[in-house]
$ cat work-v3.cif   # mmCIF, C-alpha atoms and all ligand atoms
data_run
#
loop_
_atom_site.label_atom_id
_atom_site.label_comp_id
_atom_site.auth_asym_id
_atom_site.auth_seq_id
_atom_site.Cartn_x
_atom_site.Cartn_y
_atom_site.Cartn_z
CA MET D 453 -37.73 -9.05 74.92
CA VAL D 454 -34.08 -10.14 75.11
CA LYS D 455 -32.51 -9.50 78.52
CA ILE D 456 -28.94 -8.24 78.30
CA ALA D 457 -26.18 -7.49 80.80
CA GLN D 458 -23.26 -5.28 79.83
CA ILE D 459 -19.73 -5.80 81.11
CA GLY D 460 -17.41 -2.79 80.84
CA VAL D 461 -18.57 0.82 80.77
CA GLY D 462 -15.29 2.68 80.24
CA TYR D 463 -14.73 4.90 77.20
CA TRP D 464 -16.68 2.91 74.59
CA GLY D 465 -19.12 0.93 76.75
CA PRO D 466 -21.52 3.84 77.42
CA ASN D 467 -22.21 4.09 73.66
CA LEU D 468 -23.32 0.47 73.61
CA LEU D 469 -25.28 0.91 76.82
CA ARG D 470 -27.09 3.99 75.44
CA ASN D 471 -28.15 1.95 72.40
CA LEU D 472 -29.21 -1.03 74.50
CA MET D 473 -31.30 1.26 76.73
CA ALA D 474 -32.96 2.89 73.71
CA ASN D 475 -33.75 -0.39 71.94
CA GLN D 476 -37.36 -1.52 72.41
CA ARG D 477 -36.47 -5.15 71.71
CA CYS D 478 -34.19 -5.62 74.73
CA GLU D 479 -33.96 -4.85 78.41
CA VAL D 480 -30.74 -4.15 80.32
CA THR D 481 -30.54 -6.40 83.39
CA ALA D 482 -27.19 -5.15 84.73
CA ALA D 483 -24.12 -3.05 84.00
CA VAL D 484 -20.85 -4.41 85.38
CA ASP D 485 -17.51 -2.64 85.83
CA ILE D 486 -14.64 -3.27 88.22
CA SER D 487 -14.06 0.49 88.44
CA ALA D 488 -16.08 2.26 91.16
CA GLU D 489 -15.69 5.52 89.25
CA ARG D 490 -17.28 4.03 86.10
CA ARG D 491 -20.07 2.40 88.14
CA HIS D 492 -20.82 5.76 89.70
CA TYR D 493 -20.83 7.43 86.27
CA VAL D 494 -23.35 4.96 84.87
CA GLN D 495 -25.48 5.03 88.00
CA ARG D 496 -25.92 8.78 87.58
CA LEU D 497 -26.85 8.36 83.89
CA TYR D 498 -29.28 5.49 84.42
CA PRO D 499 -30.42 5.37 88.07
CA ALA D 500 -32.78 2.45 87.36
CA ILE D 501 -30.13 -0.03 86.17
CA ARG D 502 -28.67 -2.64 88.50
CA ILE D 503 -24.97 -1.84 88.69
CA THR D 504 -22.35 -4.15 90.10
CA GLY D 505 -18.60 -4.76 90.19
CA ASN D 506 -19.06 -8.51 90.22
CA VAL D 507 -19.28 -10.27 86.82
CA ASN D 508 -20.63 -13.47 88.39
CA GLU D 509 -23.61 -11.61 89.79
CA ALA D 510 -24.70 -10.77 86.24
CA LEU D 511 -23.83 -14.18 84.79
CA ASP D 512 -25.60 -16.13 87.56
CA ASP D 513 -28.84 -14.30 86.79
CA ALA D 514 -30.95 -16.92 85.01
CA GLU D 515 -33.16 -14.16 83.54
CA THR D 516 -30.28 -12.74 81.51
CA ASP D 517 -30.12 -14.11 77.94
CA ALA D 518 -27.09 -12.29 76.58
CA VAL D 519 -23.99 -10.36 77.54
CA VAL D 520 -22.29 -7.44 75.80
CA ILE D 521 -18.56 -7.21 76.60
CA SER D 522 -16.76 -3.88 76.25
CA THR D 523 -13.61 -4.38 78.30
CA PRO D 524 -9.91 -4.33 77.28
CA VAL D 525 -8.93 -6.93 74.65
CA ALA D 526 -6.88 -9.05 77.09
CA THR D 527 -10.06 -9.81 79.09
CA HIS D 528 -12.33 -10.69 76.12
CA PHE D 529 -11.54 -14.41 76.02
CA ASP D 530 -12.10 -15.15 79.72
CA LEU D 531 -15.26 -13.09 79.93
CA ALA D 532 -16.74 -14.48 76.71
CA MET D 533 -16.02 -18.07 77.79
CA LYS D 534 -17.56 -17.48 81.21
CA ALA D 535 -20.65 -15.95 79.66
CA LEU D 536 -21.06 -18.76 77.11
CA ASP D 537 -20.49 -21.31 79.85
CA ALA D 538 -23.33 -19.67 81.77
CA GLY D 539 -25.54 -20.17 78.70
CA LYS D 540 -25.54 -16.55 77.50
CA HIS D 541 -25.19 -15.23 73.95
CA VAL D 542 -22.22 -12.87 73.63
CA LEU D 543 -21.45 -9.71 71.70
CA VAL D 544 -17.76 -9.00 72.29
CA GLU D 545 -16.11 -5.72 71.34
CA LYS D 546 -13.39 -5.83 68.68
CA PRO D 547 -11.15 -7.72 68.27
CA MET D 548 -12.84 -10.86 69.58
CA ALA D 549 -9.70 -12.17 71.32
CA LYS D 550 -5.91 -11.92 71.34
CA SER D 551 -5.19 -15.12 69.42
CA VAL D 552 -6.71 -17.26 66.69
CA ALA D 553 -6.81 -20.24 69.09
CA ASP D 554 -8.86 -18.20 71.56
CA VAL D 555 -11.35 -17.14 68.87
CA GLU D 556 -11.68 -20.78 67.79
CA GLU D 557 -12.34 -21.86 71.38
CA ILE D 558 -15.03 -19.21 71.78
CA GLY D 559 -16.53 -20.50 68.52
CA ARG D 560 -16.47 -24.11 69.71
CA LEU D 561 -18.21 -23.34 73.01
CA ALA D 562 -20.81 -21.12 71.31
CA HIS D 563 -21.54 -23.91 68.82
CA LYS D 564 -21.75 -26.56 71.57
CA ASN D 565 -24.13 -24.44 73.68
CA HIS D 566 -26.15 -23.22 70.66
CA ARG D 567 -25.36 -19.61 71.50
CA ILE D 568 -24.43 -16.64 69.32
CA ALA D 569 -20.84 -15.36 69.52
CA MET D 570 -20.58 -12.06 67.68
CA VAL D 571 -17.81 -9.47 67.52
CA GLY D 572 -18.49 -5.73 67.46
CA HIS D 573 -16.90 -4.82 64.14
CA THR D 574 -19.06 -1.70 64.07
CA PHE D 575 -18.19 -0.56 60.57
CA LEU D 576 -19.92 -3.53 58.98
CA PHE D 577 -23.12 -1.93 60.25
CA ASN D 578 -22.24 1.45 58.77
CA ALA D 579 -24.44 2.48 55.81
CA ALA D 580 -21.54 3.95 53.81
CA VAL D 581 -19.47 0.76 54.14
CA ARG D 582 -22.49 -1.26 53.06
CA TYR D 583 -23.03 1.05 50.09
CA VAL D 584 -19.47 0.42 48.86
CA LYS D 585 -20.00 -3.33 49.33
CA LYS D 586 -23.05 -3.13 47.04
CA LEU D 587 -21.04 -1.22 44.41
CA ILE D 588 -18.29 -3.86 44.49
CA ASP D 589 -20.69 -6.82 44.38
CA ALA D 590 -22.67 -5.27 41.51
CA GLY D 591 -19.44 -4.97 39.49
CA GLU D 592 -19.76 -1.16 39.32
CA LEU D 593 -16.06 -0.69 40.05
CA GLY D 594 -14.91 -3.41 37.66
CA ASP D 595 -12.01 -5.60 38.77
CA LEU D 596 -10.57 -4.40 42.05
CA ARG D 597 -6.95 -3.25 41.81
CA TYR D 598 -6.00 -1.96 45.22
CA ILE D 599 -7.40 -0.50 48.45
CA TYR D 600 -5.72 1.79 50.94
CA SER D 601 -6.99 3.09 54.24
CA GLN D 602 -5.87 5.72 56.71
CA ARG D 603 -7.10 5.81 60.31
CA LEU D 604 -5.12 8.58 61.96
CA ASN D 605 -5.42 11.04 64.80
CA LEU D 606 -3.52 12.65 67.66
CA GLY D 607 -4.52 10.18 70.42
CA ARG D 608 -6.23 8.37 72.01
CA ILE D 609 -3.10 6.49 73.15
CA ARG D 610 -3.56 3.11 74.81
CA SER D 611 -1.11 1.09 76.87
CA ASP D 612 -2.74 -2.36 76.67
CA VAL D 613 -2.56 -2.68 72.86
CA ASP D 614 -0.65 -0.94 70.07
CA ALA D 615 -2.13 1.27 67.34
CA LEU D 616 -2.49 -1.75 65.04
CA TRP D 617 -4.60 -3.76 67.50
CA ASN D 618 -6.58 -0.72 68.53
CA LEU D 619 -7.36 0.79 65.12
CA ALA D 620 -6.69 -1.70 62.32
CA PRO D 621 -9.43 -4.21 63.29
CA HIS D 622 -11.83 -1.67 61.74
CA ASP D 623 -9.98 -1.47 58.41
CA ILE D 624 -9.26 -5.20 58.23
CA SER D 625 -12.88 -6.09 58.93
CA ILE D 626 -14.13 -3.57 56.33
CA ILE D 627 -11.74 -4.81 53.64
CA GLN D 628 -12.47 -8.47 54.43
CA TYR D 629 -16.20 -7.71 54.20
CA TRP D 630 -15.86 -5.93 50.89
CA LEU D 631 -13.79 -8.74 49.41
CA GLY D 632 -15.97 -11.59 50.73
CA ASN D 633 -13.72 -12.70 53.63
CA PRO D 634 -10.85 -14.15 51.55
CA THR D 635 -7.63 -15.62 52.91
CA PRO D 636 -4.72 -13.29 52.10
CA LEU D 637 -1.69 -14.60 50.22
CA SER D 638 0.64 -12.59 52.44
CA VAL D 639 0.63 -10.00 55.19
CA SER D 640 3.49 -7.74 56.14
CA ARG D 641 3.69 -4.88 58.54
CA ARG D 642 6.08 -2.39 59.98
CA GLY D 643 5.46 -0.23 63.00
CA VAL D 644 7.41 2.10 65.25
CA ASP D 645 7.16 2.53 69.02
CA ILE D 646 7.96 6.13 69.86
CA ILE D 647 5.99 7.14 72.93
CA GLN D 648 5.90 3.88 74.89
CA ASN D 649 8.47 1.10 74.60
CA GLY D 650 7.16 -1.94 72.74
CA ILE D 651 3.82 -0.32 71.79
CA ASP D 652 3.72 0.85 68.18
CA ASP D 653 2.22 4.31 67.67
CA VAL D 654 2.19 4.09 63.89
CA VAL D 655 1.89 0.98 61.71
CA PHE D 656 1.79 0.34 57.97
CA MET D 657 0.27 -3.02 57.08
CA ASN D 658 0.27 -4.47 53.60
CA ILE D 659 -1.99 -7.36 52.58
CA LEU D 660 -1.81 -9.17 49.27
CA TYR D 661 -4.98 -10.97 48.23
CA PRO D 662 -5.60 -13.39 45.36
CA ASN D 663 -6.15 -11.80 41.91
CA LYS D 664 -3.36 -9.27 42.59
CA ILE D 665 -5.54 -7.17 44.87
CA MET D 666 -3.37 -5.25 47.31
CA ALA D 667 -4.53 -3.52 50.48
CA ASN D 668 -2.52 -1.07 52.53
CA ILE D 669 -3.56 0.02 56.01
CA HIS D 670 -1.99 3.02 57.75
CA VAL D 671 -2.93 3.51 61.40
CA SER D 672 -1.53 6.02 63.85
CA TRP D 673 -2.40 7.85 67.04
CA LEU D 674 0.51 10.22 66.47
CA ASP D 675 -0.70 12.30 63.57
CA PRO D 676 -1.71 15.96 63.17
CA ASN D 677 -5.11 15.26 61.61
CA LYS D 678 -8.07 13.04 62.23
CA VAL D 679 -8.39 10.97 59.06
CA ARG D 680 -10.82 8.10 58.46
CA SER D 681 -10.57 7.37 54.77
CA ILE D 682 -10.49 4.36 52.46
CA THR D 683 -9.85 4.50 48.71
CA VAL D 684 -10.85 1.63 46.43
CA VAL D 685 -9.37 1.57 42.94
CA GLY D 686 -11.19 -0.55 40.39
CA SER D 687 -10.70 -1.05 36.67
CA LYS D 688 -13.94 0.80 35.84
CA LYS D 689 -14.39 3.27 38.69
CA MET D 690 -12.73 4.42 41.89
CA VAL D 691 -14.34 5.20 45.25
CA VAL D 692 -13.24 7.29 48.21
CA TYR D 693 -15.06 6.56 51.46
CA ASP D 694 -14.36 9.40 53.89
CA ASP D 695 -16.02 8.83 57.24
CA MET D 696 -15.25 12.43 58.33
CA ALA D 697 -17.03 14.04 55.36
CA ASP D 698 -20.71 15.02 55.09
CA ASN D 699 -20.89 13.18 51.77
CA LYS D 700 -19.09 10.06 52.83
CA ILE D 701 -18.82 8.43 49.41
CA ALA D 702 -17.40 9.83 46.18
CA ILE D 703 -17.48 7.62 43.09
CA TYR D 704 -15.00 8.66 40.41
CA ASP D 705 -15.61 7.61 36.84
CA LYS D 706 -11.89 7.45 36.24
CA GLY D 707 -9.50 4.86 34.93
CA ILE D 708 -6.78 3.97 32.49
CA ASP D 709 -7.54 1.63 29.60
CA ARG D 710 -5.26 0.32 26.91
CA LYS D 711 -6.24 1.79 23.57
CA ALA D 712 -6.61 -0.46 20.57
CA VAL D 713 -5.13 1.07 17.41
CA LEU D 714 -6.27 -0.75 14.31
CA GLY D 715 -3.51 -2.59 12.56
CA GLU D 716 -0.61 -1.80 14.83
CA ASN D 717 -1.46 -2.08 18.47
CA MET D 718 -3.96 -4.88 18.79
CA ASP D 719 -1.46 -7.13 20.53
CA TYR D 720 -1.74 -6.00 24.15
CA ASP D 721 1.18 -8.18 25.17
CA ASN D 722 3.47 -6.13 22.97
CA GLN D 723 5.05 -3.70 25.42
CA HIS D 724 6.69 -1.55 22.72
CA PHE D 725 3.63 0.44 21.72
CA PRO D 726 1.72 1.30 24.85
CA VAL D 727 -1.15 3.61 24.07
CA PHE D 728 -3.37 4.46 26.97
CA ASN D 729 -6.73 6.04 27.27
CA TYR D 730 -7.12 8.18 30.41
CA ARG D 731 -10.73 8.25 31.42
CA SER D 732 -11.80 11.13 33.63
CA GLY D 733 -15.56 11.48 33.90
CA ASP D 734 -18.02 12.65 36.51
CA VAL D 735 -17.77 12.34 40.28
CA LEU D 736 -20.93 11.03 41.94
CA MET D 737 -21.66 11.64 45.61
CA PRO D 738 -24.67 9.45 46.37
CA ARG D 739 -27.03 10.16 49.22
CA VAL D 740 -26.66 7.45 51.82
CA ASP D 741 -29.40 7.01 54.41
CA PHE D 742 -27.58 6.87 57.70
CA GLN D 743 -28.54 5.14 60.93
CA GLU D 744 -26.28 4.93 63.97
CA PRO D 745 -24.13 1.83 63.26
CA LEU D 746 -24.34 0.66 66.89
CA LYS D 747 -28.13 0.58 66.63
CA VAL D 748 -27.91 -1.53 63.48
CA GLU D 749 -25.28 -3.75 65.16
CA ILE D 750 -27.46 -4.39 68.22
CA ASP D 751 -30.51 -5.06 66.04
CA HIS D 752 -28.43 -7.61 64.13
CA PHE D 753 -27.36 -9.27 67.41
CA LEU D 754 -31.03 -9.47 68.43
CA ASP D 755 -32.01 -10.85 64.99
CA CYS D 756 -29.37 -13.58 65.37
CA ILE D 757 -30.67 -14.49 68.83
CA GLU D 758 -34.39 -14.27 68.11
CA HIS D 759 -34.68 -15.24 64.46
CA GLY D 760 -31.56 -17.34 63.77
CA VAL D 761 -30.26 -14.81 61.22
CA GLU D 762 -26.71 -15.64 60.12
CA CYS D 763 -24.26 -13.41 61.97
CA ILE D 764 -22.18 -11.27 59.62
CA THR D 765 -19.56 -10.67 62.32
CA GLY D 766 -19.58 -14.18 63.73
CA VAL D 767 -16.63 -16.36 64.61
CA GLU D 768 -15.45 -16.92 61.01
CA HIS D 769 -15.19 -13.20 60.33
CA ALA D 770 -13.67 -12.51 63.77
CA LYS D 771 -11.07 -15.23 63.22
CA LYS D 772 -9.87 -13.87 59.86
CA VAL D 773 -9.40 -10.43 61.39
CA VAL D 774 -7.28 -11.84 64.23
CA GLU D 775 -5.33 -14.06 61.79
CA ILE D 776 -4.35 -10.93 59.86
CA LEU D 777 -3.54 -8.99 63.04
CA VAL D 778 -1.15 -11.67 64.30
CA ALA D 779 0.45 -12.34 60.90
CA ASN D 780 3.84 -10.73 60.73
CA VAL D 781 5.75 -11.58 57.61
CA ILE D 782 8.44 -9.09 56.66
CA TYR D 783 9.90 -9.63 53.19
N1 LIG W 801 -16.23 -0.41 67.99
C1 LIG W 801 -15.55 0.70 68.20
O1 LIG W 801 -15.58 1.65 67.42
C2 LIG W 801 -14.70 0.79 69.44
C3 LIG W 801 -14.20 2.03 69.87
C4 LIG W 801 -13.43 2.07 71.03
C5 LIG W 801 -13.18 0.91 71.74
N2 LIG W 801 -13.67 -0.29 71.30
C6 LIG W 801 -13.41 -1.53 72.02
O2 LIG W 801 -14.13 -1.50 73.24
C7 LIG W 801 -13.43 -2.22 74.25
C8 LIG W 801 -13.23 -1.32 75.46
O3 LIG W 801 -12.45 -0.21 75.06
P1 LIG W 801 -12.48 1.14 75.89
O4 LIG W 801 -11.75 2.14 75.08
O5 LIG W 801 -13.84 1.44 76.37
O6 LIG W 801 -11.56 0.72 77.15
P2 LIG W 801 -11.57 1.35 78.60
O7 LIG W 801 -10.31 0.89 79.23
O8 LIG W 801 -11.86 2.82 78.53
O9 LIG W 801 -12.82 0.68 79.33
C9 LIG W 801 -12.85 -0.66 79.70
C10 LIG W 801 -13.70 -0.79 80.97
O10 LIG W 801 -13.77 -2.16 81.32
C11 LIG W 801 -13.62 -2.28 82.73
N3 LIG W 801 -13.13 -3.63 83.02
C12 LIG W 801 -11.89 -4.14 82.78
N4 LIG W 801 -11.83 -5.43 83.13
C13 LIG W 801 -13.06 -5.76 83.58
C14 LIG W 801 -13.63 -6.95 84.10
N5 LIG W 801 -12.91 -8.08 84.17
N6 LIG W 801 -14.91 -6.95 84.49
C15 LIG W 801 -15.65 -5.80 84.43
N7 LIG W 801 -15.16 -4.63 83.96
C16 LIG W 801 -13.89 -4.61 83.53
C17 LIG W 801 -12.66 -1.17 83.11
O11 LIG W 801 -12.78 -0.82 84.47
C18 LIG W 801 -13.09 -0.05 82.17
O12 LIG W 801 -14.06 0.79 82.76
C19 LIG W 801 -12.12 -2.67 73.60
O13 LIG W 801 -12.27 -3.98 73.16
C20 LIG W 801 -11.96 -1.74 72.40
O14 LIG W 801 -11.23 -2.34 71.35
C21 LIG W 801 -14.44 -0.34 70.18
#

$ encode --input "work-v3.cif" --output "structure tokens" --more "lines below"
Ligand SMILES: NC(=O)c1ccc[n+]([C@@H]2O[C@H](COP(=O)([O-])OP(=O)(O)OC[C@H]3O[C@@H](n4cnc5c(N)ncnc54)[C@H](O)[C@@H]3O)[C@@H](O)[C@H]2O)c1
Amino acid sequence: MVKIAQIGVGYWGPNLLRNLMANQRCEVTAAVDISAERRHYVQRLYPAIRITGNVNEALDDAETDAVVISTPVATHFDLAMKALDAGKHVLVEKPMAKSVADVEEIGRLAHKNHRIAMVGHTFLFNAAVRYVKKLIDAGELGDLRYIYSQRLNLGRIRSDVDALWNLAPHDISIIQYWLGNPTPLSVSRRGVDIIQNGIDDVVFMNILYPNKIMANIHVSWLDPNKVRSITVVGSKKMVVYDDMADNKIAIYDKGIDRKAVLGENMDYDNQHFPVFNYRSGDVLMPRVDFQEPLKVEIDHFLDCIEHGVECITGVEHAKKVVEILVANVIY
């Protein structure tokens, strides 16, 4: 039984806490929040939990093995370092920290103290995202051409981070996972701050990967519709992953191939006689067995702690996501 304290029970924290409470493999030793209102809220939900406004009270508890941190991004580094220093494993909400140097320091301390440092990139524990990963790895889509994602809605506006830092960690972590965590060749982005000065409400980010694979990420909290969609275009097939749909994955047997015409068009480098074959076959919507991603995420955290399983959202993955978030090359 792994004993876990949770720090931060604002908007997102209660979802983690609900999953920790329901998990038979762990026990919640404390919930911490500096807001009296949030402490009161959690106390009413779970009268049996020890609730405190003092982080040290939870960290000083020798019984506690691990800490889940669901506070604003600016506090992640300090809280994670304190928890690791106190000998706890940490699961930090996304993104792990505000800078690459901070993520590296968290990684160093975790390594030194033989503790797990994991980031809550929830979508890597989502069955649909994992299904697409399997399709890509099995070569079902052929060579990947490009990927574009849209994560849009009207709200929820934040003041501590912009739309990129709030929403794009999801898309970046998904795309990095699908591609095997590569280092991009270039990253560019453009955003606009409309509602609050200096805080972008809408951002378009473009990432160029090796092998001419391009990814485009569009995030916004100033949009008429809630959209959570990623399209992957491969040379053999194309996939649309729509997190809002009942059937989350649609696999299109579509593509464009160059047609060989005996005797005249065998030289594909000859641009003068382009003959193309437009393939438009069936659309497959596979059944994907779904489990709540936060349950899978917490089970993975427990597997890392108890059985030494390699963490799929460990420091290396967390660092790449932050590297891409801070990259700002405008061509
Ligand atoms: N994985 C996801 O899908 C997902 C979704 C939403 C938010 N998040 C992440 O969760 C984290 C929290 O986001 P949120 O929307 O819940 O924010 P929030 O502002 O609603 O809640 C944060 C809570 O942390 C508390 N807090 C702040 N500093 C603290 C400290 N030093 N010690 C103890 N408590 C402290 C605040 O009082 C507040 O109740 C962020 O990192 C965010 O990126 C993840």

$ residues_around --input "work-v3.cif" --residues "Leu576 of chain D" --least-positions-apart "5" --cutoff "12 Å" --atoms "only C-alpha atoms" --output "number ranges by chain"
D: 546, 571, 581-585, 621-630, 744-750, 752, 763-766, 769-770

$ residues_around --input "work-v3.cif" --residues "Val461 of chain D" --least-positions-apart "4" --cutoff "12 Å" --atoms "only C-alpha atoms" --output "PyMOL selection string"
chain D and resi 457+465-470+482-495+497+503-505+520-524+545

$ axis_aligned_box --input "work-v3.cif" --around "ligand LIG 801 (chain W)" --padding-each-side "3 Å" --output "AutoDock Vina command-line options"
--center_x -13.3 --center_y -2.6 --center_z 76.0 --size_x 11.9 --size_y 16.9 --size_z 23.1

$ residues_around --input "work-v3.cif" --residues "Val542 of chain D" --least-positions-apart "2" --cutoff "8 Å" --atoms "only C-alpha atoms" --output "PyMOL selection string"
chain D and resi 518-521+532+535-536+540+544+567-570

$ closest_residue --input "work-v3.cif" --among "D:Gly572, D:Gly650, D:Pro499, D:Gly591" --to "ligand LIG 801 (chain W)" --atoms "only C-alpha atoms and all ligand atoms"
D:Gly572

$ atom_distance --input "work-v3.cif" --atom1 "atom CA of Tyr600 of chain D" --atom2 "atom CA of Val691 of chain D"
10.9 Å

$ residues_around --input "work-v3.cif" --residues "Leu777 of chain D" --least-positions-apart "2" --cutoff "10 Å" --atoms "all atoms listed in the file" --output "list in words"
Pro547, Lys550, Ser551, Val552, Leu616, Trp617, Ala620, Pro621, Ile624, Val639, Ser640, Arg641, Met657, Lys771, Lys772, Val773, Val774, Glu775, Ala779 and Asn780 of chain D

$ write_last_selection --input "work-v3.cif" --atoms "C-alpha atoms" --output "PDB file, in the coordinates of the input"
ATOM      1  CA  PRO D 547     -11.150  -7.720  68.270  1.00  0.00           C
ATOM      2  CA  LYS D 550      -5.910 -11.920  71.340  1.00  0.00           C
ATOM      3  CA  SER D 551      -5.190 -15.120  69.420  1.00  0.00           C
ATOM      4  CA  VAL D 552      -6.710 -17.260  66.690  1.00  0.00           C
ATOM      5  CA  LEU D 616      -2.490  -1.750  65.040  1.00  0.00           C
ATOM      6  CA  TRP D 617      -4.600  -3.760  67.500  1.00  0.00           C
ATOM      7  CA  ALA D 620      -6.690  -1.700  62.320  1.00  0.00           C
ATOM      8  CA  PRO D 621      -9.430  -4.210  63.290  1.00  0.00           C
ATOM      9  CA  ILE D 624      -9.260  -5.200  58.230  1.00  0.00           C
ATOM     10  CA  VAL D 639       0.630 -10.000  55.190  1.00  0.00           C
ATOM     11  CA  SER D 640       3.490  -7.740  56.140  1.00  0.00           C
ATOM     12  CA  ARG D 641       3.690  -4.880  58.540  1.00  0.00           C
ATOM     13  CA  MET D 657       0.270  -3.020  57.080  1.00  0.00           C
ATOM     14  CA  LYS D 771     -11.070 -15.230  63.220  1.00  0.00           C
ATOM     15  CA  LYS D 772      -9.870 -13.870  59.860  1.00  0.00           C
ATOM     16  CA  VAL D 773      -9.400 -10.430  61.390  1.00  0.00           C
ATOM     17  CA  VAL D 774      -7.280 -11.840  64.230  1.00  0.00           C
ATOM     18  CA  GLU D 775      -5.330 -14.060  61.790  1.00  0.00           C
ATOM     19  CA  ALA D 779       0.450 -12.340  60.900  1.00  0.00           C
ATOM     20  CA  ASN D 780       3.840 -10.730  60.730  1.00  0.00           C
TER      21      ASN D 780
END

$ closest_residue --input "work-v3.cif" --among "D:Asn508, D:Ser638, D:Thr516, D:Thr574" --to "Glu479 of chain D" --atoms "only C-alpha atoms"
D:Thr516

$ atom_distance --input "work-v3.cif" --atom1 "atom O9 of ligand LIG 801 (chain W)" --atom2 "atom CA of His528 of chain D"
11.8 Å

$ atom_distance --input "work-v3.cif" --atom1 "atom CA of Asn506 of chain D" --atom2 "atom CA of Glu758 of chain D"
27.5 Å
